[in-house]
$ cat final23.cif   # mmCIF, C-alpha atoms (C1' of nucleotides)
data_structure
loop_
_atom_site.label_atom_id
_atom_site.label_comp_id
_atom_site.auth_asym_id
_atom_site.auth_seq_id
_atom_site.Cartn_x
_atom_site.Cartn_y
_atom_site.Cartn_z
CA MET A 1 26.99 91.17 2.17
CA THR A 2 29.11 92.75 4.86
CA ALA A 3 32.88 92.73 5.01
CA SER A 4 34.50 89.28 5.17
CA GLN A 5 33.83 87.43 8.38
CA PRO A 6 36.26 84.98 9.94
CA PRO A 7 35.45 81.58 8.47
CA THR A 8 33.37 79.17 10.48
CA THR A 9 34.83 75.84 11.49
CA ALA A 10 32.69 74.18 8.85
CA GLU A 11 34.00 76.53 6.18
CA GLU A 12 37.54 75.83 7.22
CA LEU A 13 36.99 72.10 6.91
CA ARG A 14 35.45 72.51 3.48
CA GLY A 15 38.24 74.83 2.45
CA ALA A 16 40.76 72.19 3.41
CA GLY A 17 39.02 69.65 1.19
CA LEU A 18 37.36 67.75 4.01
CA ARG A 19 33.73 66.89 4.35
CA VAL A 20 31.82 68.73 7.02
CA THR A 21 30.51 66.35 9.64
CA ALA A 22 29.40 67.00 13.17
CA ALA A 23 32.23 64.79 14.40
CA ARG A 24 34.96 66.72 12.64
CA VAL A 25 33.59 70.13 13.50
CA ALA A 26 33.44 69.11 17.15
CA LEU A 27 36.88 67.53 16.97
CA LEU A 28 38.53 70.60 15.45
CA GLU A 29 36.87 72.89 17.96
CA THR A 30 37.88 70.61 20.82
CA VAL A 31 41.49 70.62 19.69
CA ARG A 32 41.49 74.40 19.38
CA ASN A 33 39.83 75.00 22.73
CA GLY A 34 42.14 72.54 24.45
CA ASP A 35 45.78 72.77 25.29
CA HIS A 36 47.84 69.87 23.95
CA LEU A 37 45.18 67.25 24.58
CA ASP A 38 45.64 63.54 24.02
CA VAL A 39 43.26 61.28 22.15
CA GLU A 40 41.37 60.25 25.25
CA ALA A 41 40.77 63.84 26.34
CA LEU A 42 39.75 64.82 22.82
CA THR A 43 37.31 61.93 22.65
CA SER A 44 35.57 62.96 25.85
CA GLY A 45 35.60 66.59 24.69
CA VAL A 46 33.89 65.64 21.45
CA ARG A 47 31.38 63.52 23.34
CA ASP A 48 30.53 66.53 25.47
CA ARG A 49 29.70 68.41 22.29
CA ILE A 50 27.87 65.90 20.14
CA GLY A 51 27.02 63.05 22.47
CA GLN A 52 28.84 60.12 20.97
CA ILE A 53 31.80 59.28 18.79
CA SER A 54 33.91 56.17 18.48
CA LEU A 55 37.56 56.20 19.35
CA GLN A 56 38.40 55.16 15.81
CA ALA A 57 36.53 58.11 14.37
CA VAL A 58 38.64 60.37 16.56
CA TYR A 59 41.83 58.77 15.27
CA GLU A 60 40.59 59.01 11.69
CA GLY A 61 39.52 62.60 12.12
CA LEU A 62 42.82 63.55 13.67
CA HIS A 63 44.67 61.98 10.76
CA ALA A 64 42.54 63.94 8.34
CA LEU A 65 42.91 67.22 10.22
CA THR A 66 46.64 66.71 10.64
CA GLY A 67 47.05 65.86 6.97
CA ALA A 68 45.09 68.95 6.01
CA GLY A 69 47.30 71.12 8.20
CA LEU A 70 44.49 72.22 10.50
CA VAL A 71 45.94 70.63 13.61
CA ARG A 72 49.43 69.64 14.63
CA ARG A 73 50.45 66.43 16.28
CA ILE A 74 53.28 66.37 18.77
CA GLU A 75 54.68 63.37 20.54
CA PRO A 76 57.00 64.06 23.44
CA PRO A 77 59.01 60.98 24.40
CA GLY A 78 57.20 59.04 27.09
CA SER A 79 53.82 60.51 26.29
CA PRO A 80 51.01 59.50 23.94
CA ALA A 81 50.42 61.78 20.99
CA LEU A 82 49.11 65.27 21.77
CA PHE A 83 47.27 67.61 19.44
CA GLU A 84 47.17 71.38 19.20
CA GLY A 85 45.39 73.87 17.03
CA ARG A 86 48.27 76.29 16.68
CA VAL A 87 49.62 75.65 13.21
CA GLY A 88 51.37 77.65 10.54
CA ASP A 89 54.13 78.95 12.72
CA ASN A 90 57.14 76.98 13.81
CA HIS A 91 56.85 77.16 17.55
CA HIS A 92 58.39 74.68 19.96
CA HIS A 93 57.43 73.05 23.24
CA ILE A 94 58.51 72.80 26.82
CA VAL A 95 57.64 69.66 28.76
CA CYS A 96 57.60 69.18 32.51
CA ARG A 97 59.66 66.15 33.53
CA SER A 98 57.49 65.71 36.58
CA CYS A 99 53.87 66.09 35.50
CA GLY A 100 54.18 66.05 31.72
CA VAL A 101 52.40 69.33 31.12
CA VAL A 102 53.27 70.96 27.80
CA ALA A 103 53.56 74.67 27.02
CA ASP A 104 54.29 76.49 23.80
CA VAL A 105 57.54 78.33 23.23
CA ASP A 106 57.75 80.82 20.42
CA CYS A 107 60.43 80.26 17.83
CA ALA A 108 62.84 83.13 17.47
CA ILE A 109 62.86 82.64 13.70
CA GLY A 110 59.26 81.64 13.19
CA GLU A 111 59.63 79.44 10.16
CA ALA A 112 61.21 76.03 9.64
CA PRO A 113 64.00 75.10 9.73
CA CYS A 114 64.89 77.63 12.37
CA LEU A 115 68.26 76.09 13.20
CA THR A 116 71.16 74.96 11.08
CA ALA A 117 72.79 71.66 11.92
CA SER A 118 76.53 71.68 12.49
CA ASN A 119 76.80 68.71 10.12
CA ASP A 120 73.83 67.71 8.01
CA HIS A 121 75.29 64.32 6.90
CA GLY A 122 73.90 65.01 3.43
CA PHE A 123 70.33 65.23 4.70
CA ALA A 124 67.98 67.79 3.18
CA ILE A 125 66.76 69.30 6.44
CA ASP A 126 63.37 70.99 6.46
CA GLU A 127 62.58 71.29 10.14
CA ALA A 128 64.26 71.61 13.50
CA GLU A 129 61.99 70.44 16.30
CA ILE A 130 62.99 71.58 19.75
CA ILE A 131 61.71 70.14 23.00
CA TYR A 132 62.79 71.93 26.14
CA TRP A 133 62.80 69.76 29.23
CA GLY A 134 62.41 71.09 32.71
CA VAL A 135 60.18 71.28 35.75
CA CYS A 136 57.10 73.45 35.73
CA LEU A 137 56.34 76.06 38.36
CA ASP A 138 53.64 73.97 40.04
CA CYS A 139 55.88 70.92 40.37
CA SER A 140 58.91 72.85 41.59
CA THR A 141 56.93 74.67 44.26
CA ALA A 142 55.20 71.45 45.30
CA SER A 143 58.48 69.70 46.05
CA MET B 1 101.43 47.55 36.79
CA THR B 2 101.63 49.63 33.61
CA ALA B 3 100.08 53.02 33.06
CA SER B 4 96.28 53.14 33.30
CA GLN B 5 94.52 51.22 30.58
CA PRO B 6 91.11 52.18 29.24
CA PRO B 7 88.58 50.39 31.44
CA THR B 8 87.02 47.19 30.24
CA THR B 9 83.29 47.02 29.73
CA ALA B 10 83.05 44.95 32.91
CA GLU B 11 84.95 47.57 34.87
CA GLU B 12 82.70 50.28 33.56
CA LEU B 13 79.63 48.39 34.68
CA ARG B 14 81.08 47.84 38.12
CA GLY B 15 82.16 51.45 38.30
CA ALA B 16 78.59 52.49 37.60
CA GLY B 17 77.34 50.36 40.48
CA LEU B 18 75.93 47.58 38.32
CA ARG B 19 76.68 43.90 38.63
CA VAL B 20 78.75 42.38 35.90
CA THR B 21 76.78 39.79 34.01
CA ALA B 22 77.33 38.35 30.57
CA ALA B 23 74.01 39.80 29.51
CA ARG B 24 74.84 43.36 30.48
CA VAL B 25 78.37 43.27 29.12
CA ALA B 26 77.04 42.03 25.80
CA LEU B 27 74.22 44.56 25.87
CA LEU B 28 76.48 47.53 26.50
CA GLU B 29 78.90 46.41 23.80
CA THR B 30 76.05 45.90 21.37
CA VAL B 31 74.71 49.38 22.01
CA ARG B 32 78.16 50.89 21.53
CA ASN B 33 78.94 48.97 18.38
CA GLY B 34 75.54 49.75 16.92
CA ASP B 35 74.15 52.95 15.61
CA HIS B 36 70.87 53.97 17.21
CA LEU B 37 69.50 50.44 17.47
CA ASP B 38 66.05 49.53 18.73
CA VAL B 39 65.25 46.89 21.32
CA GLU B 40 64.68 44.20 18.74
CA ALA B 41 68.02 44.82 17.03
CA LEU B 42 69.79 44.96 20.37
CA THR B 43 68.23 41.68 21.43
CA SER B 44 69.45 39.87 18.32
CA GLY B 45 72.85 41.52 18.70
CA VAL B 46 73.14 40.27 22.26
CA ARG B 47 72.03 36.80 21.16
CA ASP B 48 74.80 36.78 18.58
CA ARG B 49 77.26 37.39 21.39
CA ILE B 50 76.06 35.21 24.23
CA GLY B 51 73.54 32.86 22.66
CA GLN B 52 70.35 33.68 24.49
CA ILE B 53 68.66 36.45 26.38
CA SER B 54 65.04 37.20 27.09
CA LEU B 55 63.43 40.34 25.78
CA GLN B 56 62.63 41.38 29.33
CA ALA B 57 66.25 41.13 30.36
CA VAL B 58 67.10 43.48 27.50
CA TYR B 59 64.50 45.98 28.68
CA GLU B 60 65.72 45.66 32.26
CA GLY B 61 69.33 46.00 31.25
CA LEU B 62 68.61 49.03 29.13
CA HIS B 63 66.82 50.67 32.04
CA ALA B 64 69.80 49.98 34.26
CA LEU B 65 72.34 51.21 31.73
CA THR B 66 70.29 54.29 30.95
CA GLY B 67 69.84 55.05 34.62
CA ALA B 68 73.57 54.67 35.18
CA GLY B 69 74.30 57.07 32.35
CA LEU B 70 76.15 54.50 30.25
CA VAL B 71 73.70 54.59 27.36
CA ARG B 72 71.25 57.16 26.14
CA ARG B 73 67.71 56.53 25.05
CA ILE B 74 66.15 58.57 22.27
CA GLU B 75 62.64 58.31 20.97
CA PRO B 76 61.92 60.11 17.72
CA PRO B 77 58.18 60.51 17.14
CA GLY B 78 56.84 57.60 15.12
CA SER B 79 59.68 55.29 16.07
CA PRO B 80 60.23 52.85 18.92
CA ALA B 81 62.92 53.77 21.42
CA LEU B 82 66.50 53.78 20.12
CA PHE B 83 69.68 53.47 22.15
CA GLU B 84 73.14 54.88 21.63
CA GLY B 85 76.42 54.66 23.46
CA ARG B 86 77.44 58.26 22.96
CA VAL B 87 76.77 59.91 26.30
CA GLY B 88 78.17 62.78 28.27
CA ASP B 89 77.92 65.35 25.56
CA ASN B 90 74.75 67.08 24.52
CA HIS B 91 74.56 66.14 20.86
CA HIS B 92 71.39 66.11 18.81
CA HIS B 93 69.88 63.97 16.07
CA ILE B 94 68.74 64.15 12.51
CA VAL B 95 66.03 61.76 11.35
CA CYS B 96 65.13 60.80 7.80
CA ARG B 97 61.42 61.27 7.14
CA SER B 98 61.53 58.56 4.54
CA CYS B 99 63.50 55.65 5.98
CA GLY B 100 63.81 56.68 9.62
CA VAL B 101 67.59 56.45 9.79
CA VAL B 102 69.13 58.52 12.57
CA ALA B 103 72.46 60.36 12.57
CA ASP B 104 74.21 62.36 15.24
CA VAL B 105 74.58 66.12 15.03
CA ASP B 106 77.11 67.82 17.24
CA CYS B 107 75.82 70.52 19.52
CA ALA B 108 77.45 73.87 19.03
CA ILE B 109 77.49 74.43 22.77
CA GLY B 110 78.13 70.89 23.93
CA GLU B 111 76.37 70.97 27.24
CA ALA B 112 72.72 71.17 28.21
CA PRO B 113 70.75 73.32 27.96
CA CYS B 114 72.28 74.60 24.78
CA LEU B 115 69.41 76.87 23.86
CA THR B 116 67.44 79.45 25.79
CA ALA B 117 63.68 79.48 25.38
CA SER B 118 62.09 82.74 24.35
CA ASN B 119 59.60 82.29 27.20
CA ASP B 120 60.17 79.65 29.82
CA HIS B 121 56.67 79.88 31.38
CA GLY B 122 58.33 79.58 34.78
CA PHE B 123 59.85 76.20 33.99
CA ALA B 124 63.31 75.36 35.27
CA ILE B 125 64.76 74.22 31.95
CA ASP B 126 67.68 71.80 32.04
CA GLU B 127 67.82 70.50 28.50
CA ALA B 128 66.99 71.47 24.95
CA GLU B 129 66.53 68.42 22.76
CA ILE B 130 66.70 69.09 19.05
CA ILE B 131 65.52 66.73 16.33
CA TYR B 132 66.27 67.79 12.79
CA TRP B 133 63.91 66.32 10.22
CA GLY B 134 64.84 65.82 6.61
CA VAL B 135 65.52 63.29 3.90
CA CYS B 136 68.77 61.36 3.89
CA LEU B 137 71.09 61.15 0.91
CA ASP B 138 70.11 57.58 0.06
CA CYS B 139 66.39 58.36 0.05
CA SER B 140 66.72 61.60 -1.90
CA THR B 141 68.82 59.98 -4.64
CA ALA B 142 66.51 56.95 -4.75
CA SER B 143 63.47 59.06 -5.55
"C1'" DT C 1 14.60 67.07 -5.49
"C1'" DC C 2 16.44 62.63 -5.65
"C1'" DC C 3 20.31 59.48 -6.34
"C1'" DC C 4 24.57 57.40 -5.49
"C1'" DA C 5 29.54 56.97 -5.09
"C1'" DA C 6 33.11 58.27 -2.25
"C1'" DG C 7 34.10 59.48 2.15
"C1'" DA C 8 33.16 59.03 7.13
"C1'" DC C 9 31.64 56.30 11.13
"C1'" DT C 10 30.83 51.99 13.93
"C1'" DT C 11 31.97 47.70 15.95
"C1'" DG C 12 35.24 44.33 16.79
"C1'" DA C 13 39.65 42.29 16.37
"C1'" DA C 14 44.60 42.68 16.05
"C1'" DT C 15 49.35 44.57 16.45
"C1'" DG C 16 53.53 46.40 18.57
"C1'" DA C 17 55.98 48.39 22.31
"C1'" DG C 18 56.58 48.11 26.78
"C1'" DT C 19 55.45 46.71 31.79
"C1'" DC C 20 54.25 43.70 35.77
"C1'" DA C 21 54.56 39.60 38.65
"C1'" DA C 22 56.30 35.36 40.40
"C1'" DC C 23 59.75 32.49 40.70
"C1'" DA C 24 64.62 30.74 39.50
"C1'" DT C 25 69.49 31.80 39.12
"C1'" DC C 26 73.74 34.24 39.54
"C1'" DT C 27 77.06 37.93 41.80
"C1'" DT C 28 79.43 39.60 45.16
"C1'" DA C 29 80.52 41.16 49.81
"C1'" DA C 30 81.22 39.44 54.25
"C1'" DT D 1 81.59 29.50 51.56
"C1'" DT D 2 77.41 31.49 51.99
"C1'" DA D 3 73.41 34.19 51.74
"C1'" DA D 4 71.24 38.64 50.56
"C1'" DG D 5 69.79 40.73 46.96
"C1'" DA D 6 70.43 41.88 42.16
"C1'" DT D 7 69.55 39.85 37.72
"C1'" DG D 8 67.22 36.70 34.38
"C1'" DT D 9 63.19 33.76 32.79
"C1'" DT D 10 58.54 32.83 31.53
"C1'" DG D 11 54.06 34.30 30.86
"C1'" DA D 12 50.35 37.39 31.29
"C1'" DC D 13 48.94 41.98 30.74
"C1'" DT D 14 48.28 47.13 29.57
"C1'" DC D 15 48.16 50.95 26.54
"C1'" DA D 16 48.17 53.41 22.21
"C1'" DT D 17 47.22 52.75 17.78
"C1'" DT D 18 45.86 50.41 13.45
"C1'" DC D 19 43.27 47.24 10.42
"C1'" DA D 20 39.00 45.22 8.45
"C1'" DA D 21 34.32 44.83 7.19
"C1'" DG D 22 30.12 46.60 7.01
"C1'" DT D 23 26.76 50.71 7.55
"C1'" DC D 24 25.61 55.48 7.28
"C1'" DT D 25 26.24 60.35 5.57
"C1'" DT D 26 27.63 64.06 2.54
"C1'" DG D 27 27.57 66.57 -1.50
"C1'" DG D 28 27.96 66.80 -6.62
"C1'" DG D 29 25.33 65.73 -10.35
"C1'" DA D 30 20.90 63.82 -13.09
#

$ encode --input "final23.cif" --output "structure tokens"
Amino acid sequence: MTASQPPTTAEELRGAGLRVTAARVALLETVRNGDHLDVEALTSGVRDRIGQISLQAVYEGLHALTGAGLVRRIEPPGSPALFEGRVGDNHHHIVCRSCGVVADVDCAIGEAPCLTASNDHGFAIDEAEIIYWGVCLDCSTAS
Amino acid sequence: MTASQPPTTAEELRGAGLRVTAARVALLETVRNGDHLDVEALTSGVRDRIGQISLQAVYEGLHALTGAGLVRRIEPPGSPALFEGRVGDNHHHIVCRSCGVVADVDCAIGEAPCLTASNDHGFAIDEAEIIYWGVCLDCSTAS
DNA sequence: TCCCAAGACTTGAATGAGTCAACATCTTAA
DNA sequence: TTAAGATGTTGACTCATTCAAGTCTTGGGA
């Protein structure tokens, strides 16, 4: 055998304790190829790959993948849930107030919680989630 | 006339360009007396004060008050919209992963945007919204 | 290789949050 | 006092997501 290869999507699913099905392989690859896609976009992406999948299977698969730590779910206020394949770091997001597009922003620290609250009210804080709000280049030039 | 008094709720509404109705006075006072209440809790709070109000009037009133800058709407992922009367500063929030309770966290800077993104992707950023996630004292002692 | 139990998928119905529309009522400026 | 227009009411509706029941698939063992 040659030196270790990067794991296939199927191997990653199995390694995370999930069964390997065409639906989940296609779903994970769609999330990773996409850029903060919502459930509807993911569903049509999976259908492009394997022909057919029910909406409920997409929701189920996303729960499983999110629970296994293979995808991350974000939910900017005013938007349905979005999914991204970048996990394991503690990056943040920037959202356009006009068109809703989302971009990643690296975290200066890189691991959670990257900020300390001025008063934690007795909470055991494990994460600081930052959403930057602004207007993207396309929208600001269009106006 | 004596020295200036703090404005009444009615005067604040008028000053913000809104008409003074029993519903909106009661709504604004309910938001301010409450602590990150959702629409359902606000509706029953208003009903305690003035007897009856439709759910739609609450939604309409909250839109008006939010638009006028008299109340602030927050929407932690996984929770319906919550409303608070603390406006004009740029404070943040801490949310309990277990029971969902929300507490205020002062911003070290005090005005938006209080953080600078490591890479703004060309966005014109005007606000950095921070949600701290953790477990509140009640939930951590209960477990 | 075959079996089968747990997990995954399908269809269909339901929930919860929020919005839209049409009409009635109330506020407020003239 | 009056009338324009903002506000409130009722009722229907949309959208995202979840629940339920039954069928199919996967993968570890006989």

$ atom_distance --input "final23.cif" --atom1 "C1' of DG16 in chain C" --atom2 "CA of Val25 in chain B"
27.2 Å

$ atom_distance --input "final23.cif" --atom1 "CA of Ala128 in chain A" --atom2 "CA of Pro113 in chain A"
5.1 Å

$ resolve_selection --input "final23.cif" --expression "the PyMOL selection byres ((chain B) within 12 of (chain C))" --output "PyMOL selection string"
chain B and resi 14+17-23+38-40+55-56+58-60+63+78-81

$ resolve_selection --input "final23.cif" --expression "the PyMOL selection byres ((chain D) within 9 of (chain A))" --output "VMD selection string"
chain D and resid 16 to 17 25 to 27

$ interface_residues --input "final23.cif" --of "chain A" --to "chain B" --cutoff "6 Å" --atoms "only C-alpha atoms" --output "PyMOL selection string"
chain A and resi 75+77+105+119+122-137

$ residues_around --input "final23.cif" --residues "His36 in chain A" --least-positions-apart "2" --cutoff "8 Å" --atoms "only C-alpha atoms (C1' of nucleotides)" --output "PyMOL selection string"
chain A and resi 31+34+38+82-84+102

$ calpha_fit_and_write --input "final23.cif" --fixed "chain B" --moving "chain A" --output "short mmCIF file (atom, residue, chain, number, x, y, z; two decimals) with C-alpha atoms, in the coordinates of the input"
data_model
loop_
_atom_site.label_atom_id
_atom_site.label_comp_id
_atom_site.auth_asym_id
_atom_site.auth_seq_id
_atom_site.Cartn_x
_atom_site.Cartn_y
_atom_site.Cartn_z
CA MET A 1 101.54 47.68 36.80
CA THR A 2 101.74 49.67 33.60
CA ALA A 3 100.14 53.03 32.98
CA SER A 4 96.34 53.13 33.31
CA GLN A 5 94.53 51.18 30.64
CA PRO A 6 91.11 52.12 29.30
CA PRO A 7 88.58 50.36 31.51
CA THR A 8 87.01 47.16 30.30
CA THR A 9 83.27 46.99 29.80
CA ALA A 10 83.01 44.94 32.96
CA GLU A 11 84.93 47.56 34.93
CA GLU A 12 82.69 50.27 33.60
CA LEU A 13 79.60 48.39 34.72
CA ARG A 14 81.06 47.84 38.16
CA GLY A 15 82.12 51.45 38.35
CA ALA A 16 78.58 52.52 37.62
CA GLY A 17 77.30 50.40 40.51
CA LEU A 18 75.91 47.62 38.35
CA ARG A 19 76.60 43.95 38.66
CA VAL A 20 78.70 42.41 35.94
CA THR A 21 76.75 39.80 34.03
CA ALA A 22 77.34 38.35 30.61
CA ALA A 23 74.02 39.81 29.50
CA ARG A 24 74.85 43.36 30.48
CA VAL A 25 78.38 43.27 29.14
CA ALA A 26 77.05 42.03 25.81
CA LEU A 27 74.22 44.55 25.86
CA LEU A 28 76.50 47.52 26.52
CA GLU A 29 78.93 46.42 23.84
CA THR A 30 76.08 45.88 21.38
CA VAL A 31 74.74 49.36 22.02
CA ARG A 32 78.19 50.89 21.57
CA ASN A 33 78.98 48.96 18.41
CA GLY A 34 75.58 49.76 16.93
CA ASP A 35 74.17 52.96 15.61
CA HIS A 36 70.88 53.96 17.23
CA LEU A 37 69.54 50.43 17.47
CA ASP A 38 66.08 49.52 18.70
CA VAL A 39 65.27 46.87 21.26
CA GLU A 40 64.73 44.16 18.70
CA ALA A 41 68.07 44.79 17.00
CA LEU A 42 69.83 44.94 20.35
CA THR A 43 68.26 41.66 21.40
CA SER A 44 69.49 39.86 18.31
CA GLY A 45 72.90 41.52 18.71
CA VAL A 46 73.18 40.25 22.27
CA ARG A 47 72.06 36.79 21.17
CA ASP A 48 74.85 36.77 18.61
CA ARG A 49 77.30 37.37 21.43
CA ILE A 50 76.08 35.18 24.25
CA GLY A 51 73.56 32.85 22.66
CA GLN A 52 70.36 33.66 24.47
CA ILE A 53 68.66 36.43 26.38
CA SER A 54 65.03 37.19 27.03
CA LEU A 55 63.43 40.32 25.72
CA GLN A 56 62.60 41.37 29.26
CA ALA A 57 66.22 41.11 30.31
CA VAL A 58 67.10 43.45 27.46
CA TYR A 59 64.50 45.96 28.63
CA GLU A 60 65.70 45.64 32.22
CA GLY A 61 69.32 45.98 31.22
CA LEU A 62 68.61 49.02 29.11
CA HIS A 63 66.80 50.65 32.01
CA ALA A 64 69.77 49.96 34.25
CA LEU A 65 72.32 51.19 31.72
CA THR A 66 70.26 54.28 30.94
CA GLY A 67 69.81 55.04 34.62
CA ALA A 68 73.53 54.65 35.19
CA GLY A 69 74.28 57.05 32.35
CA LEU A 70 76.14 54.49 30.25
CA VAL A 71 73.70 54.57 27.36
CA ARG A 72 71.23 57.14 26.13
CA ARG A 73 67.70 56.49 25.03
CA ILE A 74 66.15 58.53 22.26
CA GLU A 75 62.63 58.28 20.96
CA PRO A 76 61.92 60.07 17.71
CA PRO A 77 58.18 60.50 17.14
CA GLY A 78 56.84 57.59 15.14
CA SER A 79 59.66 55.27 16.05
CA PRO A 80 60.23 52.81 18.90
CA ALA A 81 62.91 53.74 21.38
CA LEU A 82 66.49 53.76 20.10
CA PHE A 83 69.67 53.46 22.13
CA GLU A 84 73.13 54.87 21.63
CA GLY A 85 76.40 54.66 23.47
CA ARG A 86 77.43 58.26 22.96
CA VAL A 87 76.75 59.91 26.29
CA GLY A 88 78.17 62.78 28.26
CA ASP A 89 77.91 65.34 25.53
CA ASN A 90 74.75 67.08 24.48
CA HIS A 91 74.54 66.15 20.85
CA HIS A 92 71.36 66.11 18.81
CA HIS A 93 69.86 63.97 16.07
CA ILE A 94 68.72 64.14 12.50
CA VAL A 95 66.00 61.76 11.35
CA CYS A 96 65.10 60.80 7.81
CA ARG A 97 61.38 61.29 7.16
CA SER A 98 61.49 58.56 4.55
CA CYS A 99 63.47 55.66 5.99
CA GLY A 100 63.80 56.67 9.63
CA VAL A 101 67.57 56.45 9.79
CA VAL A 102 69.11 58.52 12.58
CA ALA A 103 72.43 60.36 12.56
CA ASP A 104 74.19 62.36 15.24
CA VAL A 105 74.57 66.11 15.01
CA ASP A 106 77.09 67.81 17.22
CA CYS A 107 75.82 70.52 19.51
CA ALA A 108 77.45 73.87 18.98
CA ILE A 109 77.49 74.44 22.74
CA GLY A 110 78.15 70.91 23.89
CA GLU A 111 76.41 70.99 27.23
CA ALA A 112 72.75 71.20 28.21
CA PRO A 113 70.74 73.34 27.95
CA CYS A 114 72.31 74.60 24.77
CA LEU A 115 69.42 76.88 23.84
CA THR A 116 67.47 79.47 25.76
CA ALA A 117 63.72 79.50 25.39
CA SER A 118 62.11 82.77 24.36
CA ASN A 119 59.63 82.33 27.22
CA ASP A 120 60.24 79.68 29.85
CA HIS A 121 56.72 79.91 31.41
CA GLY A 122 58.37 79.60 34.83
CA PHE A 123 59.88 76.22 34.00
CA ALA A 124 63.36 75.39 35.27
CA ILE A 125 64.80 74.23 31.95
CA ASP A 126 67.73 71.83 32.03
CA GLU A 127 67.85 70.51 28.49
CA ALA A 128 67.00 71.48 24.95
CA GLU A 129 66.52 68.44 22.75
CA ILE A 130 66.69 69.10 19.04
CA ILE A 131 65.50 66.75 16.33
CA TYR A 132 66.25 67.80 12.79
CA TRP A 133 63.89 66.36 10.22
CA GLY A 134 64.80 65.84 6.62
CA VAL A 135 65.50 63.30 3.91
CA CYS A 136 68.73 61.37 3.89
CA LEU A 137 71.05 61.17 0.91
CA ASP A 138 70.07 57.60 0.04
CA CYS A 139 66.35 58.38 0.04
CA SER A 140 66.68 61.62 -1.91
CA THR A 141 68.79 60.01 -4.62
CA ALA A 142 66.47 57.00 -4.77
CA SER A 143 63.44 59.13 -5.57
#

$ atom_distance --input "final23.cif" --atom1 "CA of Arg86 in chain A" --atom2 "CA of Val46 in chain A"
18.5 Å
